[in-house]
There are 2 protein chains.
Amino acid sequence: MNQRSRKDEIIQTAAILFREKGYTGSTMRDLAHNVGIEAASLYNHINSKDELLSEICIHIAHLFTNEMNRVKKLNSSSVDKLIALIDFHILITIDHNDMIAVTNQEWRHLNDSSMTGFIKFRDQYEQNFKAIVKEGIDNGELLQADPELVMFTVLSSLRWLQFWYRPDRKLETDTIRIQLKNMLLKGIQAHG
Amino acid sequence: MNQRSRKDEIIQTAAILFREKGYTGSTMRDLAHNVGIEAASLYNHINSKDELLSEICIHIAHLFTNEMNRVKKLNSSSVDKLIALIDFHILITIDHNDMIAVTNQEWRHLNDSSMTGFIKFRDQYEQNFKAIVKEGIDNGELLQADPELVMFTVLSSLRWLQFWYRPDRKLETDTIRIQLKNMLLKGIQAHG
DNA sequence: CGCCAAAACTAACAACCGTTAGTTTTTTAT
DNA sequence: ATAAAAAACTAACGGTTGTTAGTTTTGGCG
């Protein structure tokens with residue numbers, strides 16, 4: 001077991017624990033027990049409890065940023081760009097279920113320096129998202145509305161997926177995706 | 001200052017604190033300091049830290065249950081019932097901003113007995129909500145869709161209001177309500 | 001086999017937690 | 001004004017927290 005994969009195992013276990021009990025409600029002894037070692041042994045692999053939460057949130061932030069940069073460059077309609085983003089939210093909820101939940105619920109417990117970086121990421125993502133919505137409104141693809149309100153509504157609608165998803169529901173994913181996309185777009189797309 | 005209003009002040013201060021630092025991240029000493037007394041003095045008014053969270057969540061649960069019971073008896077269309085519920089969510093987000101945020105984010109830290117009661121409340125609310133949606137689908141007011149998915153999407157969309165609302169935005173409330181209702185209904189209402 | 005680093009262990013520290021006990025101050029009612 | 005009740009205080013308890021120091025065990029390589 002090399003150091004990297006052991007560290008990854010600890011972070012993944014931490015994500016499951018943080019999700020269930022919250023960051024401040026989770027203890028290093030509890031985490032160590034779930035990994036199968038003593039609390040002090042964790043520090044052969046990580047530097048602090050802070051670091052665990054940071055790695056989780058920053059990792060997720062990077063995934064979203066990368067996807068946003070890809071979508072921005074896409075040569076397609078605003079609606080198709082939004083669909084791509086919605087699909088990515090669904091995909092990442094399935095592939096990184098616990099980390100997404102932790103990021104959404106526990107990011108405000110990040111230490112100061114990580115918090116600053118995380119908020120910068122998030123603001124940029126939201127700004128890009130709004131820009132796509134605005135572009136769609138301006139060219140008539142989307143109904144007239146406040147871009148920020150549209151963004152918040154769409155992103156919030158996608159957030160409940162983290163509660164819905166369980167591994168045994170992987171097969172229902174396609175049905176959910178189609179219904180969810182329809183619901184969101186029929187609400188914001190012109191001449192729906 | 002009689003006992004009731006002092007206790008209410010403590011609970012309200014706790015709501016603000018729990019919202020900012022989370023339930024497990026908040027300390028009784030911190031709470032006491034915000035109230036302006038010593039930690040031990042809190043126990044002249046409350047029985048435990050547990051109780052604070054319970055009172056907040058149960059209070060909010062009661063408000064929603066009461067409104068749901070009122071709406072159920074309404075002699076109006078399914079869409080109008082949904083609009084009434086949406087308006088209530090907006091109203092309560094404004095009037096009980098911190099308590100709503102705490103209930104949404106910290107309910108899973110309730111002790112076992114309060115948790116049981118809270119989940120019962122919530123399940124009942126969701127069941128009633130779904131029934132109204134199903135009724136609307138069956139009588140053609142709403143587009144064909146899975147009632148649970150519709151419910152989750154609507155309720156999640158309303159949740160971001162807790163982040164948007166600040167006292168200085170009270171005047172924008174009407175604009176938000178109209179736009180939000182339009183967005184949600186145009187997405188689920190037939191022949192929108 | 002023997003070496004060395006990685007990774008586990010035990011033990012403990014200093015700080016902080018919710019809460020209680022016992023006492024003093026403040027408020028209320030007669 | 002005074003007695004009773006309410007609400008504040010100081011001090012401390014037993015337990016838990018993240019983390020460190022120092023030691024032992026494990027596993028891969030010559």
# chains A, B, ... in the order shown; residues from 1 in each chain; ligands from 1
call {"tool": "closest_atom_pairs", "arguments": {"of": "chain A", "to": "chain B", "cutoff": "12 Å", "atoms": "only C-alpha atoms", "output": "JSON lines"}}
result
{"residue": "A:Arg19", "atom": "CA", "partner": "B:Arg108", "partner_atom": "CA", "distance": 10.5}
{"residue": "A:Glu20", "atom": "CA", "partner": "B:Arg108", "partner_atom": "CA", "distance": 8.5}
{"residue": "A:Lys21", "atom": "CA", "partner": "B:His109", "partner_atom": "CA", "distance": 7.6}
{"residue": "A:Gly22", "atom": "CA", "partner": "B:Thr24", "partner_atom": "CA", "distance": 8.1}
{"residue": "A:Tyr23", "atom": "CA", "partner": "B:Gly25", "partner_atom": "CA", "distance": 8.6}
{"residue": "A:Thr24", "atom": "CA", "partner": "B:Gly25", "partner_atom": "CA", "distance": 5.5}
{"residue": "A:Gly25", "atom": "CA", "partner": "B:Thr24", "partner_atom": "CA", "distance": 5.5}
{"residue": "A:Ser26", "atom": "CA", "partner": "B:Thr24", "partner_atom": "CA", "distance": 9.2}
{"residue": "A:Thr27", "atom": "CA", "partner": "B:Thr24", "partner_atom": "CA", "distance": 11.4}
{"residue": "A:Ala101", "atom": "CA", "partner": "B:Gln105", "partner_atom": "CA", "distance": 11.9}
{"residue": "A:Val102", "atom": "CA", "partner": "B:Gln105", "partner_atom": "CA", "distance": 12.0}
{"residue": "A:Asn104", "atom": "CA", "partner": "B:Gln105", "partner_atom": "CA", "distance": 10.4}
{"residue": "A:Gln105", "atom": "CA", "partner": "B:Gln105", "partner_atom": "CA", "distance": 7.5}
{"residue": "A:Glu106", "atom": "CA", "partner": "B:Gly22", "partner_atom": "CA", "distance": 9.1}
{"residue": "A:Trp107", "atom": "CA", "partner": "B:Lys21", "partner_atom": "CA", "distance": 11.1}
{"residue": "A:Arg108", "atom": "CA", "partner": "B:Lys21", "partner_atom": "CA", "distance": 8.0}
{"residue": "A:His109", "atom": "CA", "partner": "B:Lys21", "partner_atom": "CA", "distance": 7.5}
{"residue": "A:Leu110", "atom": "CA", "partner": "B:Lys21", "partner_atom": "CA", "distance": 11.0}
{"residue": "A:Leu142", "atom": "CA", "partner": "B:Met183", "partner_atom": "CA", "distance": 11.2}
{"residue": "A:Leu143", "atom": "CA", "partner": "B:Met183", "partner_atom": "CA", "distance": 9.2}
{"residue": "A:Gln144", "atom": "CA", "partner": "B:Gln179", "partner_atom": "CA", "distance": 9.7}
{"residue": "A:Ala145", "atom": "CA", "partner": "B:Gln179", "partner_atom": "CA", "distance": 7.1}
{"residue": "A:Asp146", "atom": "CA", "partner": "B:Gln179", "partner_atom": "CA", "distance": 8.2}
{"residue": "A:Pro147", "atom": "CA", "partner": "B:Gln179", "partner_atom": "CA", "distance": 11.1}
{"residue": "A:Glu148", "atom": "CA", "partner": "B:Trp164", "partner_atom": "CA", "distance": 10.3}
{"residue": "A:Leu149", "atom": "CA", "partner": "B:Leu180", "partner_atom": "CA", "distance": 7.8}
{"residue": "A:Val150", "atom": "CA", "partner": "B:Met183", "partner_atom": "CA", "distance": 8.1}
{"residue": "A:Met151", "atom": "CA", "partner": "B:Ser157", "partner_atom": "CA", "distance": 10.2}
{"residue": "A:Phe152", "atom": "CA", "partner": "B:Trp160", "partner_atom": "CA", "distance": 6.7}
{"residue": "A:Thr153", "atom": "CA", "partner": "B:Ser157", "partner_atom": "CA", "distance": 4.9}
{"residue": "A:Val154", "atom": "CA", "partner": "B:Ser157", "partner_atom": "CA", "distance": 7.3}
{"residue": "A:Leu155", "atom": "CA", "partner": "B:Ser157", "partner_atom": "CA", "distance": 8.1}
{"residue": "A:Ser156", "atom": "CA", "partner": "B:Ser157", "partner_atom": "CA", "distance": 5.2}
{"residue": "A:Ser157", "atom": "CA", "partner": "B:Thr153", "partner_atom": "CA", "distance": 4.9}
{"residue": "A:Leu158", "atom": "CA", "partner": "B:Thr153", "partner_atom": "CA", "distance": 7.6}
{"residue": "A:Arg159", "atom": "CA", "partner": "B:Ser156", "partner_atom": "CA", "distance": 7.1}
{"residue": "A:Trp160", "atom": "CA", "partner": "B:Ser156", "partner_atom": "CA", "distance": 6.3}
{"residue": "A:Leu161", "atom": "CA", "partner": "B:Phe152", "partner_atom": "CA", "distance": 8.8}
{"residue": "A:Gln162", "atom": "CA", "partner": "B:Phe152", "partner_atom": "CA", "distance": 11.4}
{"residue": "A:Phe163", "atom": "CA", "partner": "B:Phe152", "partner_atom": "CA", "distance": 9.9}
{"residue": "A:Trp164", "atom": "CA", "partner": "B:Phe152", "partner_atom": "CA", "distance": 9.2}
{"residue": "A:Thr175", "atom": "CA", "partner": "B:Asp146", "partner_atom": "CA", "distance": 10.1}
{"residue": "A:Ile176", "atom": "CA", "partner": "B:Leu149", "partner_atom": "CA", "distance": 8.1}
{"residue": "A:Arg177", "atom": "CA", "partner": "B:Leu149", "partner_atom": "CA", "distance": 10.7}
{"residue": "A:Ile178", "atom": "CA", "partner": "B:Ala145", "partner_atom": "CA", "distance": 10.6}
{"residue": "A:Gln179", "atom": "CA", "partner": "B:Ala145", "partner_atom": "CA", "distance": 7.1}
{"residue": "A:Leu180", "atom": "CA", "partner": "B:Leu149", "partner_atom": "CA", "distance": 7.8}
{"residue": "A:Lys181", "atom": "CA", "partner": "B:Gly187", "partner_atom": "CA", "distance": 10.1}
{"residue": "A:Asn182", "atom": "CA", "partner": "B:Gly187", "partner_atom": "CA", "distance": 7.9}
{"residue": "A:Met183", "atom": "CA", "partner": "B:Gly187", "partner_atom": "CA", "distance": 5.2}
{"residue": "A:Leu184", "atom": "CA", "partner": "B:Gly187", "partner_atom": "CA", "distance": 6.2}
{"residue": "A:Leu185", "atom": "CA", "partner": "B:Gly187", "partner_atom": "CA", "distance": 7.1}
{"residue": "A:Lys186", "atom": "CA", "partner": "B:Gly187", "partner_atom": "CA", "distance": 4.7}
{"residue": "A:Gly187", "atom": "CA", "partner": "B:Gly187", "partner_atom": "CA", "distance": 3.7}
{"residue": "A:Ile188", "atom": "CA", "partner": "B:Met183", "partner_atom": "CA", "distance": 6.5}
{"residue": "A:Gln189", "atom": "CA", "partner": "B:Gly187", "partner_atom": "CA", "distance": 9.1}
{"residue": "A:Ala190", "atom": "CA", "partner": "B:Lys186", "partner_atom": "CA", "distance": 10.2}
{"residue": "A:His191", "atom": "CA", "partner": "B:Gly192", "partner_atom": "CA", "distance": 9.2}
{"residue": "A:Gly192", "atom": "CA", "partner": "B:Gly192", "partner_atom": "CA", "distance": 8.1}
call {"tool": "residues_around", "arguments": {"residues": "DC4 of chain C", "least_positions_apart": "4", "cutoff": "12 Å", "atoms": "only C-alpha atoms (C1' of nucleotides)", "output": "list in words"}}
result
DT26, DG27, DG28, DC29 and DG30 of chain D
call {"tool": "write_last_selection", "arguments": {"atoms": "C-alpha atoms (C1' of nucleotides)", "output": "mmCIF file, in the first residue's frame"}}
result
data_model
loop_
_atom_site.group_PDB
_atom_site.id
_atom_site.type_symbol
_atom_site.label_atom_id
_atom_site.label_comp_id
_atom_site.auth_asym_id
_atom_site.auth_seq_id
_atom_site.Cartn_x
_atom_site.Cartn_y
_atom_site.Cartn_z
ATOM 1 C "C1'" DT D 26 5.823 -4.170 9.157
ATOM 2 C "C1'" DG D 27 7.169 -4.767 4.377
ATOM 3 C "C1'" DG D 28 10.134 -4.287 0.379
ATOM 4 C "C1'" DC D 29 14.997 -4.480 -1.504
ATOM 5 C "C1'" DG D 30 20.052 -5.439 -1.724
#
call {"tool": "atom_distance", "arguments": {"atom1": "atom CA of Ala131 of chain A", "atom2": "atom CA of Asp87 of chain A"}}
result
18.3 Å
call {"tool": "atom_distance", "arguments": {"atom1": "atom CA of Ile83 of chain A", "atom2": "atom CA of Asp174 of chain A"}}
result
13.6 Å
call {"tool": "interface_residues", "arguments": {"of": "chain D", "to": "chain A", "cutoff": "10 Å", "atoms": "only C-alpha atoms (C1' of nucleotides)", "output": "ChimeraX atom specification"}}
result
/D:16-20,27
call {"tool": "write_last_selection", "arguments": {"atoms": "N, CA and C atoms (P, O5', C5', C4', C3', O3' and C1' of nucleotides)", "output": "mmCIF file, in the first residue's frame"}}
result
data_model
loop_
_atom_site.group_PDB
_atom_site.id
_atom_site.type_symbol
_atom_site.label_atom_id
_atom_site.label_comp_id
_atom_site.auth_asym_id
_atom_site.auth_seq_id
_atom_site.Cartn_x
_atom_site.Cartn_y
_atom_site.Cartn_z
ATOM 1 P P DT D 16 -15.726 10.215 26.904
ATOM 2 O "O5'" DT D 16 -15.283 11.342 25.873
ATOM 3 C "C5'" DT D 16 -16.173 12.432 25.594
ATOM 4 C "C4'" DT D 16 -15.457 13.451 24.725
ATOM 5 C "C3'" DT D 16 -14.600 12.818 23.613
ATOM 6 O "O3'" DT D 16 -15.011 13.387 22.382
ATOM 7 C "C1'" DT D 16 -13.361 14.430 24.837
ATOM 8 P P DT D 17 -14.415 12.923 21.012
ATOM 9 O "O5'" DT D 17 -13.444 14.090 20.602
ATOM 10 C "C5'" DT D 17 -13.916 15.447 20.603
ATOM 11 C "C4'" DT D 17 -12.746 16.403 20.417
ATOM 12 C "C3'" DT D 17 -11.691 15.910 19.448
ATOM 13 O "O3'" DT D 17 -12.003 16.374 18.152
ATOM 14 C "C1'" DT D 17 -10.704 16.868 21.418
ATOM 15 P P DG D 18 -11.210 15.717 16.883
ATOM 16 O "O5'" DG D 18 -9.829 16.517 16.771
ATOM 17 C "C5'" DG D 18 -9.842 17.929 16.577
ATOM 18 C "C4'" DG D 18 -8.422 18.484 16.681
ATOM 19 C "C3'" DG D 18 -7.424 17.889 15.681
ATOM 20 O "O3'" DG D 18 -6.580 18.931 15.188
ATOM 21 C "C1'" DG D 18 -6.698 17.446 17.900
ATOM 22 P P DT D 19 -5.430 18.636 14.086
ATOM 23 O "O5'" DT D 19 -4.202 18.228 15.021
ATOM 24 C "C5'" DT D 19 -3.769 19.144 16.036
ATOM 25 C "C4'" DT D 19 -2.703 18.498 16.898
ATOM 26 C "C3'" DT D 19 -1.544 17.862 16.136
ATOM 27 O "O3'" DT D 19 -0.406 18.709 16.267
ATOM 28 C "C1'" DT D 19 -2.223 16.590 18.050
ATOM 29 P P DT D 20 0.975 18.345 15.513
ATOM 30 O "O5'" DT D 20 1.834 17.724 16.712
ATOM 31 C "C5'" DT D 20 1.928 18.433 17.935
ATOM 32 C "C4'" DT D 20 2.757 17.622 18.923
ATOM 33 C "C3'" DT D 20 4.036 17.017 18.338
ATOM 34 O "O3'" DT D 20 5.134 17.404 19.167
ATOM 35 C "C1'" DT D 20 2.758 15.349 19.457
ATOM 36 P P DG D 27 3.021 -6.621 6.731
ATOM 37 O "O5'" DG D 27 3.943 -5.975 5.602
ATOM 38 C "C5'" DG D 27 3.841 -4.593 5.307
ATOM 39 C "C4'" DG D 27 4.892 -4.210 4.279
ATOM 40 C "C3'" DG D 27 5.170 -5.291 3.231
ATOM 41 O "O3'" DG D 27 5.388 -4.667 1.980
ATOM 42 C "C1'" DG D 27 7.169 -4.767 4.377
#
call {"tool": "closest_residue", "arguments": {"among": "C:DA15, C:DA8, C:DA21, C:DC3", "to": "chain B", "atoms": "only C-alpha atoms (C1' of nucleotides)"}}
result
C:DA21
call {"tool": "atom_distance", "arguments": {"atom1": "atom C1' of DT20 of chain C", "atom2": "atom CA of His59 of chain B"}}
result
28.5 Å
call {"tool": "closest_atom_pairs", "arguments": {"of": "chain C", "to": "chain A", "cutoff": "10 Å", "atoms": "only C-alpha atoms (C1' of nucleotides)", "output": "Markdown table"}}
result
| residue | atom | partner | partner_atom | distance |
| --- | --- | --- | --- | --- |
| C:DA6 | C1' | A:Gln3 | CA | 8.5 |
| C:DA7 | C1' | A:Asn44 | CA | 6.8 |
| C:DA8 | C1' | A:Ser41 | CA | 6.4 |
| C:DC9 | C1' | A:Glu38 | CA | 7.7 |
| C:DT10 | C1' | A:Ala40 | CA | 9.8 |
call {"tool": "residues_around", "arguments": {"residues": "Cys57 of chain A", "least_positions_apart": "3", "cutoff": "8 Å", "atoms": "only C-alpha atoms (C1' of nucleotides)", "output": "PyMOL selection string"}}
result
chain A and resi 53-54+60-61+99+102-103+107+118
call {"tool": "write_last_selection", "arguments": {"atoms": "C-alpha atoms", "output": "PDB file, in the first residue's frame"}}
result
ATOM      1  CA  LEU A  53     -11.869  18.976   4.441  1.00  0.00           C
ATOM      2  CA  SER A  54      -9.752  21.221   2.236  1.00  0.00           C
ATOM      3  CA  ILE A  60     -14.623  18.972  -6.152  1.00  0.00           C
ATOM      4  CA  ALA A  61     -14.085  22.627  -7.028  1.00  0.00           C
ATOM      5  CA  MET A  99     -17.541  14.365  -1.536  1.00  0.00           C
ATOM      6  CA  VAL A 102     -19.590  17.205   2.093  1.00  0.00           C
ATOM      7  CA  THR A 103     -18.621  20.096  -0.141  1.00  0.00           C
ATOM      8  CA  TRP A 107     -17.531  24.091   3.081  1.00  0.00           C
ATOM      9  CA  PHE A 118     -12.899  27.892  -2.433  1.00  0.00           C
TER      10      PHE A 118
END
call {"tool": "select_by_dssp", "arguments": {"residues": "chain B", "states": "helix (DSSP H, G or I)", "output": "ChimeraX atom specification"}}
result
/B:3-21,28-35,39-44,49-72,78-95,97-109,112-138,147-159,161-164,167-188
